[in-house]
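J.: I'm passing along my_file31.txt; it holds compact mmCIF, C-alpha atoms and all ligand atoms.
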# COMPACT_ATOMS: atom_id res chain seq x y z
CA MET A 1 100.87 112.48 54.91
CA SER A 2 101.06 113.49 58.58
CA PHE A 3 99.97 116.80 60.06
CA SER A 4 102.44 119.38 61.29
CA GLY A 5 100.04 119.95 64.19
CA THR A 6 100.55 123.70 64.11
CA GLY A 7 98.70 126.70 62.74
CA LYS A 8 95.13 127.88 63.00
CA ILE A 9 91.85 126.11 62.34
CA TRP A 10 88.63 127.99 61.67
CA MET A 11 85.82 126.75 63.93
CA ASN A 12 82.40 128.41 63.82
CA GLY A 13 83.93 131.74 62.84
CA LYS A 14 86.91 131.74 65.19
CA LEU A 15 90.53 131.00 64.35
CA ILE A 16 91.90 128.73 67.04
CA ASP A 17 95.12 126.82 67.61
CA TRP A 18 95.39 123.45 65.88
CA LYS A 19 95.71 121.57 69.18
CA ASP A 20 92.52 123.14 70.57
CA ALA A 21 90.34 122.31 67.55
CA THR A 22 88.60 119.35 69.18
CA ILE A 23 85.02 118.07 69.48
CA HIS A 24 83.26 115.91 72.08
CA VAL A 25 83.22 112.14 71.53
CA ALA A 26 79.43 112.21 71.97
CA SER A 27 79.04 114.49 68.95
CA HIS A 28 76.48 113.16 66.47
CA VAL A 29 79.00 113.06 63.61
CA VAL A 30 81.26 110.61 65.46
CA HIS A 31 78.47 108.04 65.72
CA TYR A 32 76.43 108.58 62.58
CA GLY A 33 78.85 110.02 60.01
CA SER A 34 76.67 113.14 59.80
CA ALA A 35 79.02 115.54 58.03
CA VAL A 36 79.41 117.07 54.59
CA PHE A 37 82.71 118.50 53.50
CA GLU A 38 84.85 119.85 50.68
CA GLY A 39 88.34 119.29 49.39
CA ALA A 40 89.87 122.15 47.43
CA ARG A 41 93.38 123.33 46.73
CA CYS A 42 95.28 126.58 46.91
CA TYR A 43 98.28 126.80 44.57
CA ALA A 44 101.34 129.04 44.57
CA THR A 45 101.33 130.99 41.28
CA PRO A 46 103.64 133.75 40.01
CA LYS A 47 100.93 136.27 40.93
CA GLY A 48 100.50 134.89 44.45
CA SER A 49 98.54 132.10 46.09
CA ALA A 50 95.29 131.23 44.35
CA CYS A 51 92.46 128.84 45.19
CA PHE A 52 91.23 126.73 42.30
CA ARG A 53 87.48 127.05 41.73
CA LEU A 54 86.77 128.07 45.30
CA ASP A 55 83.28 129.26 44.37
CA ALA A 56 82.37 125.89 42.84
CA HIS A 57 83.69 124.01 45.87
CA MET A 58 81.82 126.15 48.36
CA THR A 59 78.67 125.96 46.25
CA ARG A 60 78.93 122.17 46.34
CA LEU A 61 79.40 122.30 50.12
CA MET A 62 76.20 124.31 50.45
CA GLN A 63 74.38 121.90 48.13
CA SER A 64 75.61 118.87 50.09
CA ALA A 65 74.32 120.57 53.25
CA LYS A 66 70.98 121.26 51.59
CA ILE A 67 70.54 117.57 50.70
CA TYR A 68 71.19 116.67 54.33
CA ARG A 69 68.93 119.45 55.69
CA MET A 70 71.84 121.16 57.44
CA GLU A 71 71.52 124.90 57.92
CA TYR A 72 74.46 127.16 58.63
CA PRO A 73 74.47 130.96 58.71
CA LEU A 74 77.03 131.56 55.93
CA ASP A 75 76.30 132.39 52.32
CA LEU A 76 78.62 131.66 49.39
CA ALA A 77 80.66 134.85 49.85
CA GLY A 78 80.87 134.17 53.59
CA TRP A 79 82.23 130.68 53.00
CA GLN A 80 84.77 131.88 50.47
CA ASN A 81 85.96 134.64 52.78
CA ALA A 82 86.24 132.23 55.70
CA VAL A 83 88.52 130.00 53.61
CA LEU A 84 90.63 132.94 52.44
CA ASP A 85 90.91 134.33 56.00
CA THR A 86 92.10 130.93 57.21
CA ILE A 87 94.74 130.69 54.48
CA ARG A 88 95.98 134.20 55.27
CA ALA A 89 96.07 133.45 59.00
CA ASN A 90 98.22 130.40 58.33
CA ARG A 91 100.42 132.23 55.79
CA MET A 92 100.40 129.20 53.52
CA ALA A 93 101.49 129.67 49.90
CA ALA A 94 99.88 126.38 48.85
CA CYS A 95 97.61 124.03 50.74
CA TYR A 96 94.78 121.53 50.68
CA ILE A 97 91.54 123.07 52.00
CA ARG A 98 89.05 121.03 54.01
CA PRO A 99 85.86 122.86 55.04
CA ILE A 100 83.46 120.60 56.95
CA LEU A 101 79.92 120.97 58.31
CA TYR A 102 78.98 118.45 60.95
CA ARG A 103 76.30 117.63 63.47
CA GLY A 104 77.82 118.44 66.84
CA TYR A 105 77.10 117.81 70.50
CA GLY A 106 73.51 117.72 71.72
CA ALA A 107 71.85 114.34 72.12
CA LEU A 108 72.53 110.95 70.58
CA GLY A 109 70.01 109.22 68.39
CA VAL A 110 69.39 108.81 64.69
CA ASN A 111 67.52 112.12 64.48
CA PRO A 112 70.25 114.66 63.71
CA HIS A 113 68.07 117.68 64.39
CA THR A 114 68.73 117.43 68.13
CA CYS A 115 72.33 118.51 67.49
CA PRO A 116 73.77 121.82 66.31
CA VAL A 117 75.35 122.15 62.89
CA ASP A 118 78.97 123.16 63.46
CA ALA A 119 81.65 124.01 60.93
CA ALA A 120 85.40 124.01 60.60
CA ILE A 121 88.03 124.76 57.99
CA VAL A 122 91.27 122.82 58.21
CA LEU A 123 94.30 123.41 55.96
CA TRP A 124 97.33 121.26 55.41
CA GLU A 125 100.17 120.78 52.99
CA TRP A 126 99.45 118.06 50.47
CA GLY A 127 101.61 117.21 47.48
CA THR A 128 100.73 114.84 44.67
CA TYR A 129 98.20 112.30 45.96
CA LEU A 130 99.29 109.23 44.04
CA GLY A 131 102.98 110.22 43.88
CA GLN A 132 104.98 112.44 41.51
CA ASP A 133 106.00 109.42 39.40
CA ALA A 134 102.37 108.52 38.86
CA LEU A 135 101.78 111.75 36.91
CA GLU A 136 104.07 110.46 34.16
CA GLN A 137 104.18 106.70 34.56
CA GLY A 138 100.55 106.17 35.51
CA VAL A 139 99.12 103.98 38.27
CA ASP A 140 97.94 100.38 38.45
CA ALA A 141 94.27 100.07 39.35
CA ARG A 142 91.77 97.28 39.85
CA VAL A 143 88.04 97.14 39.41
CA ALA A 144 86.69 97.13 42.94
CA SER A 145 84.61 94.26 44.20
CA TRP A 146 82.59 96.93 46.03
CA ALA A 147 80.01 98.81 43.97
CA ARG A 148 79.27 102.50 44.50
CA MET A 149 76.11 103.33 46.41
CA ALA A 150 72.87 102.44 44.62
CA PRO A 151 70.79 105.43 43.53
CA ASN A 152 68.39 106.60 46.22
CA THR A 153 70.39 105.08 49.04
CA LEU A 154 73.21 107.43 50.02
CA PRO A 155 73.19 110.47 47.71
CA ALA A 156 76.39 110.35 45.68
CA LEU A 157 76.13 113.99 44.61
CA ALA A 158 76.46 115.07 48.24
CA LYS A 159 80.07 115.01 49.37
CA SER A 160 79.10 113.46 52.67
CA ALA A 161 81.36 111.73 55.17
CA ALA A 162 79.06 108.69 55.06
CA ASN A 163 79.95 108.05 51.40
CA TYR A 164 83.58 107.68 52.33
CA ALA A 165 82.89 104.44 54.19
CA ASN A 166 82.38 103.03 50.68
CA SER A 167 85.47 104.85 49.35
CA GLY A 168 87.52 103.46 52.23
CA LEU A 169 86.51 99.89 51.38
CA ILE A 170 87.47 100.43 47.73
CA LYS A 171 90.82 101.97 48.61
CA MET A 172 91.77 99.39 51.27
CA GLU A 173 90.92 96.52 48.95
CA ALA A 174 93.07 97.99 46.16
CA LEU A 175 96.03 98.59 48.47
CA ALA A 176 95.74 95.15 50.06
CA ASP A 177 96.00 93.61 46.59
CA GLY A 178 99.00 95.72 45.55
CA TYR A 179 97.19 98.33 43.42
CA SER A 180 97.25 102.10 43.88
CA GLU A 181 93.55 102.61 43.32
CA GLY A 182 90.21 100.93 42.83
CA ILE A 183 87.65 101.78 40.16
CA ALA A 184 84.13 101.11 41.37
CA LEU A 185 81.20 100.14 39.16
CA ASP A 186 77.67 101.37 39.76
CA VAL A 187 74.89 98.93 40.63
CA ALA A 188 74.19 98.38 36.92
CA GLY A 189 77.78 97.22 36.45
CA ASN A 190 78.91 100.30 34.52
CA VAL A 191 81.98 102.33 35.44
CA SER A 192 81.33 104.80 38.25
CA GLU A 193 84.49 106.34 39.75
CA GLY A 194 87.61 105.80 41.83
CA SER A 195 87.64 105.93 45.62
CA GLY A 196 88.25 109.68 45.45
CA GLN A 197 88.50 110.56 41.75
CA ASN A 198 86.42 110.66 38.60
CA VAL A 199 87.43 108.57 35.60
CA PHE A 200 87.89 109.41 31.92
CA ILE A 201 88.68 107.02 29.11
CA VAL A 202 89.96 107.92 25.63
CA ARG A 203 88.94 105.96 22.55
CA ASN A 204 89.78 106.99 19.01
CA GLY A 205 90.50 110.55 20.07
CA THR A 206 87.22 111.05 21.96
CA LEU A 207 86.94 111.34 25.75
CA TYR A 208 84.22 109.49 27.64
CA THR A 209 83.27 109.88 31.28
CA PRO A 210 80.38 108.38 33.29
CA PRO A 211 77.30 110.61 33.77
CA LEU A 212 76.17 112.03 37.12
CA ALA A 213 73.55 109.25 37.37
CA ALA A 214 76.31 106.61 37.57
CA SER A 215 76.58 107.24 41.35
CA ILE A 216 79.52 109.61 40.95
CA LEU A 217 80.43 112.72 42.85
CA GLY A 218 80.00 115.61 40.41
CA GLY A 219 83.70 116.42 40.45
CA ILE A 220 84.85 119.99 39.97
CA THR A 221 88.02 118.73 38.32
CA ARG A 222 85.86 116.56 36.05
CA ASP A 223 83.91 119.66 35.04
CA SER A 224 87.15 121.59 34.49
CA ILE A 225 88.61 118.80 32.35
CA ILE A 226 85.47 118.68 30.20
CA THR A 227 85.94 122.42 29.58
CA LEU A 228 89.71 122.19 28.94
CA ALA A 229 89.28 119.20 26.62
CA GLY A 230 86.75 121.25 24.65
CA ASP A 231 89.23 124.14 24.49
CA LEU A 232 91.79 121.70 23.06
CA GLY A 233 89.31 120.55 20.44
CA TYR A 234 88.49 117.11 21.83
CA ALA A 235 84.94 115.78 21.89
CA VAL A 236 83.79 114.72 25.37
CA VAL A 237 80.87 112.34 25.81
CA GLU A 238 79.14 111.71 29.15
CA ALA A 239 77.84 108.17 28.76
CA ASP A 240 77.52 104.83 30.51
CA ILE A 241 80.83 103.00 30.22
CA PRO A 242 80.76 99.20 30.41
CA ARG A 243 83.51 97.65 32.53
CA GLU A 244 85.27 96.05 29.57
CA ALA A 245 85.59 99.43 27.82
CA LEU A 246 88.22 100.22 30.45
CA TYR A 247 90.43 97.38 29.25
CA ILE A 248 90.27 98.29 25.56
CA ALA A 249 90.58 102.05 26.01
CA ASP A 250 93.51 103.83 24.37
CA GLU A 251 94.01 105.84 27.56
CA VAL A 252 92.43 106.02 31.01
CA PHE A 253 92.99 108.75 33.57
CA PHE A 254 91.74 109.82 37.01
CA VAL A 255 90.83 113.40 37.85
CA GLY A 256 90.17 115.05 41.19
CA THR A 257 91.36 117.75 43.54
CA ALA A 258 93.72 115.31 45.24
CA ALA A 259 94.71 113.22 42.19
CA GLU A 260 94.69 116.22 39.79
CA VAL A 261 95.16 114.40 36.42
CA THR A 262 96.73 110.98 36.92
CA PRO A 263 97.11 108.42 34.11
CA VAL A 264 96.12 104.78 34.69
CA ARG A 265 98.55 102.37 33.06
CA SER A 266 96.91 99.07 33.92
CA ILE A 267 93.57 97.81 35.20
CA ASP A 268 93.24 94.31 36.64
CA LYS A 269 96.75 93.70 35.28
CA ILE A 270 95.63 94.45 31.72
CA THR A 271 97.87 97.08 30.12
CA ILE A 272 96.02 100.21 29.02
CA GLY A 273 97.24 101.57 25.68
CA ASN A 274 101.02 101.65 25.65
CA GLY A 275 101.27 101.17 29.43
CA ARG A 276 102.18 104.75 30.24
CA ARG A 277 100.71 108.22 29.98
CA GLY A 278 99.01 108.60 26.61
CA PRO A 279 99.24 111.72 24.40
CA ILE A 280 95.74 113.03 25.11
CA THR A 281 96.14 112.52 28.85
CA GLU A 282 99.40 114.43 28.60
CA ALA A 283 97.80 117.31 26.67
CA ILE A 284 94.98 117.54 29.22
CA GLN A 285 97.44 117.33 32.10
CA ARG A 286 99.54 120.15 30.63
CA ALA A 287 96.51 122.37 30.11
CA PHE A 288 95.30 121.70 33.66
CA PHE A 289 98.67 122.29 35.32
CA ALA A 290 99.20 125.46 33.30
CA VAL A 291 95.98 126.90 34.75
CA ILE A 292 96.50 125.85 38.36
CA ASN A 293 100.11 126.96 38.38
CA GLY A 294 99.18 130.31 36.86
CA ASP A 295 101.31 129.66 33.76
CA ALA A 296 98.38 130.11 31.37
CA PRO A 297 95.78 132.89 31.34
CA ASP A 298 92.86 132.14 33.66
CA ARG A 299 90.39 132.20 30.76
CA HIS A 300 87.54 130.72 32.75
CA GLY A 301 87.95 132.75 35.93
CA TRP A 302 88.86 129.71 38.01
CA LEU A 303 91.47 131.27 40.28
CA THR A 304 90.67 133.26 43.41
CA TYR A 305 93.78 135.04 44.64
CA VAL A 306 94.24 134.84 48.38
CA GLY A 307 95.81 138.29 48.61
CA GLY A 308 92.79 139.85 46.94
CA ALA A 309 90.52 139.85 50.01
CA GLY A 310 88.35 137.15 48.50
CA GLU A 311 87.95 138.98 45.24
CA LYS A 312 88.95 137.59 41.88
CA THR A 313 91.64 139.74 40.30
CA GLU A 314 90.45 142.35 37.87
CA GLU A 315 92.20 140.47 35.09
CA SER A 316 90.54 137.13 35.77
CA ARG A 317 87.18 138.84 36.22
CA LYS A 318 87.48 140.48 32.79
CA THR A 319 88.60 137.32 31.02
CA ALA A 320 85.91 135.29 32.80
CA VAL A 321 83.23 137.65 31.57
CA GLY A 322 84.74 137.57 28.11
CA THR A 323 84.92 133.81 27.74
CA ARG A 324 81.79 132.45 29.41
C1 LIG A 401 84.38 110.02 45.43
C2 LIG A 401 85.00 111.16 44.71
N1 LIG A 401 84.78 111.30 43.40
C3 LIG A 401 85.32 112.32 42.70
C4 LIG A 401 86.11 113.26 43.30
C5 LIG A 401 86.66 114.40 42.50
O1 LIG A 401 86.00 115.57 42.83
P1 LIG A 401 86.72 116.99 42.74
O2 LIG A 401 87.29 117.08 41.39
O3 LIG A 401 85.64 117.97 42.97
O4 LIG A 401 87.77 117.00 43.78
C6 LIG A 401 86.37 113.17 44.66
C7 LIG A 401 87.19 114.17 45.32
O5 LIG A 401 86.98 114.60 46.37
C8 LIG A 401 85.79 112.10 45.39
O6 LIG A 401 86.01 111.96 46.70
Could you show the structure in this file as structure tokens?
Ligand SMILES: Cc1ncc(COP(=O)(O)O)c(C=O)c1O

T.:
Amino acid sequence: MSFSGTGKIWMNGKLIDWKDATIHVASHVVHYGSAVFEGARCYATPKGSACFRLDAHMTRLMQSAKIYRMEYPLDLAGWQNAVLDTIRANRMAACYIRPILYRGYGALGVNPHTCPVDAAIVLWEWGTYLGQDALEQGVDARVASWARMAPNTLPALAKSAANYANSGLIKMEALADGYSEGIALDVAGNVSEGSGQNVFIVRNGTLYTPPLAASILGGITRDSIITLAGDLGYAVVEADIPREALYIADEVFFVGTAAEVTPVRSIDKITIGNGRRGPITEAIQRAFFAVINGDAPDRHGWLTYVGGAGEKTEESRKTAVGTR
């Protein structure tokens, strides 16, 4: 994916041209990875462009900032409106949304408090992350030789730039060895997550996914899939998953804002199930795509329509109240 290099970027409350959205090389974030960010999506639906779970994403951004003692003068509504304003300014029907809070230019040293907390919102077009084919055929993954961060080292629940040094190692290793993705274990040797996705396995009709304490990012897609699986009548268990359970699973799939719902057809060259998308993965995928594409009623109030000045539509508000 390469950038078009055009359009507007939101920086500290101002919409500025893409080419002017630059920071100084002596900014704290460049040297110490001191940023927290989000990755959300806006989809084109029959009723107009809609952001998927914008409130949950911006809440997580604020929580990541809290963990890293970063203060910024925007509340949840302010963040949501800033994202919606940026989408409207760029007139994009569908896009990937990247809000970021970072320690800017002040002084260099480990102490981040000498630098201001700055913010930006960048949008770009982003199709299917692991390829359109992957949604049906599934991807080949390996178990990473890199573990996820140990508890109480780098906080996995914060979506911080620093954590992506680990993700980058996992992804590069997988690609170098001819796989699409890596699945990392936690320090106990149980399944954690992919480089940028959460993992589910299916066994005898039940879904299993690692718990938050397995050094995972608390994925918003993961949370949505747990809800949708429940709606479809499947039991979902959050439990430690030993590595070998991956190999003997009936189905394995990745979930995330970028990956959406992507089946895994092999791990370490061991075929998973029948070697292609399994029936439960397909059912979950259908349910998920129906919501994000606006083809199914927004029963959980997950869509924020861009045209609605940051407000959920009356319809989604009513159904959300009725179903939660
Ligand atoms: C490490 C990691 N885990 C999981 C996820 C999935 O999270 P979400 O569904 O909120 O996009 C992501 C996505 O950003 C990620 O980077």

J.: Could you tell me how far atom CA of A:Val306 lies from atom CA of A:Glu38, in Å and to one decimal?

T.: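 Between these atoms lies a distance of 17.8 Å.
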
J.: Select from chain A every residue with an atom at most 7 Å from any atom of ligand LIG 401 (chain A), then for each give the shortest pair of atoms and their distance in Å to one decimal, using all atoms listed in the file, rows by chain and rising number, as a Markdown table.

T.:
| residue | atom | partner | partner_atom | distance |
| --- | --- | --- | --- | --- |
| A:Gly39 | CA | A:LIG401 | O5 | 5.7 |
| A:Ala40 | CA | A:LIG401 | O4 | 6.7 |
| A:His57 | CA | A:LIG401 | O3 | 7.0 |
| A:Ser167 | CA | A:LIG401 | C1 | 6.6 |
| A:Glu193 | CA | A:LIG401 | N1 | 6.2 |
| A:Gly194 | CA | A:LIG401 | N1 | 6.4 |
| A:Ser195 | CA | A:LIG401 | C1 | 5.2 |
| A:Gly196 | CA | A:LIG401 | O6 | 3.4 |
| A:Gln197 | CA | A:LIG401 | C3 | 3.8 |
| A:Asn198 | CA | A:LIG401 | C3 | 4.6 |
| A:Ile216 | CA | A:LIG401 | N1 | 6.0 |
| A:Leu217 | CA | A:LIG401 | N1 | 4.6 |
| A:Gly218 | CA | A:LIG401 | O1 | 6.5 |
| A:Gly219 | CA | A:LIG401 | O1 | 3.4 |
| A:Ile220 | CA | A:LIG401 | O3 | 3.7 |
| A:Thr221 | CA | A:LIG401 | O2 | 3.6 |
| A:Arg222 | CA | A:LIG401 | O2 | 5.6 |
| A:Val255 | CA | A:LIG401 | O2 | 6.2 |
| A:Gly256 | CA | A:LIG401 | O2 | 3.5 |
| A:Thr257 | CA | A:LIG401 | O4 | 3.7 |
| A:Ala258 | CA | A:LIG401 | O4 | 6.4 |

J.: Please determine, counting only C-alpha atoms, which residue among A:Ile183, A:Met62, A:Leu54, A:Cys115 has the shortest atom-to-atom distance to A:Tyr102.

T.: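 The closest residue to A:Tyr102 is A:Cys115.
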
J.: Here's a test: counting only C-alpha atoms, identify every protein, DNA and RNA residue with an atom at most 10 Å from (91.1, 101.1, 28.5) in the file's coordinate frame, and state them as a VMD selection string.

T.: chain A and resid 200 to 203 243 to 253 264 to 267 270 to 273

J.: What is the distance between atom CA of A:Ile292 and atom CA of A:Ser160, in Å to one decimal?

T.: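 Straight-line distance from atom CA of A:Ile292 to atom CA of A:Ser160 works out to 25.7 Å.
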
J.: Report, in Å with one decimal, the straight-line distance from atom CA of A:Thr6 to atom CA of A:Tyr305.

T.: 23.5 Å

J.: Nearest to A:Leu154 among A:Ile9, A:Ala50, A:Ile67, A:Leu303, with distances taken over all atoms listed in the file: which residue is it?

T.: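 The closest residue to A:Leu154 is A:Ile67.
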
J.: In terms of the shortest atom-to-atom distance over all atoms listed in the file, which of A:Glu181, A:Asp85, A:Arg277, A:Leu101 is closest to A:Lys8?

T.: A:Asp85
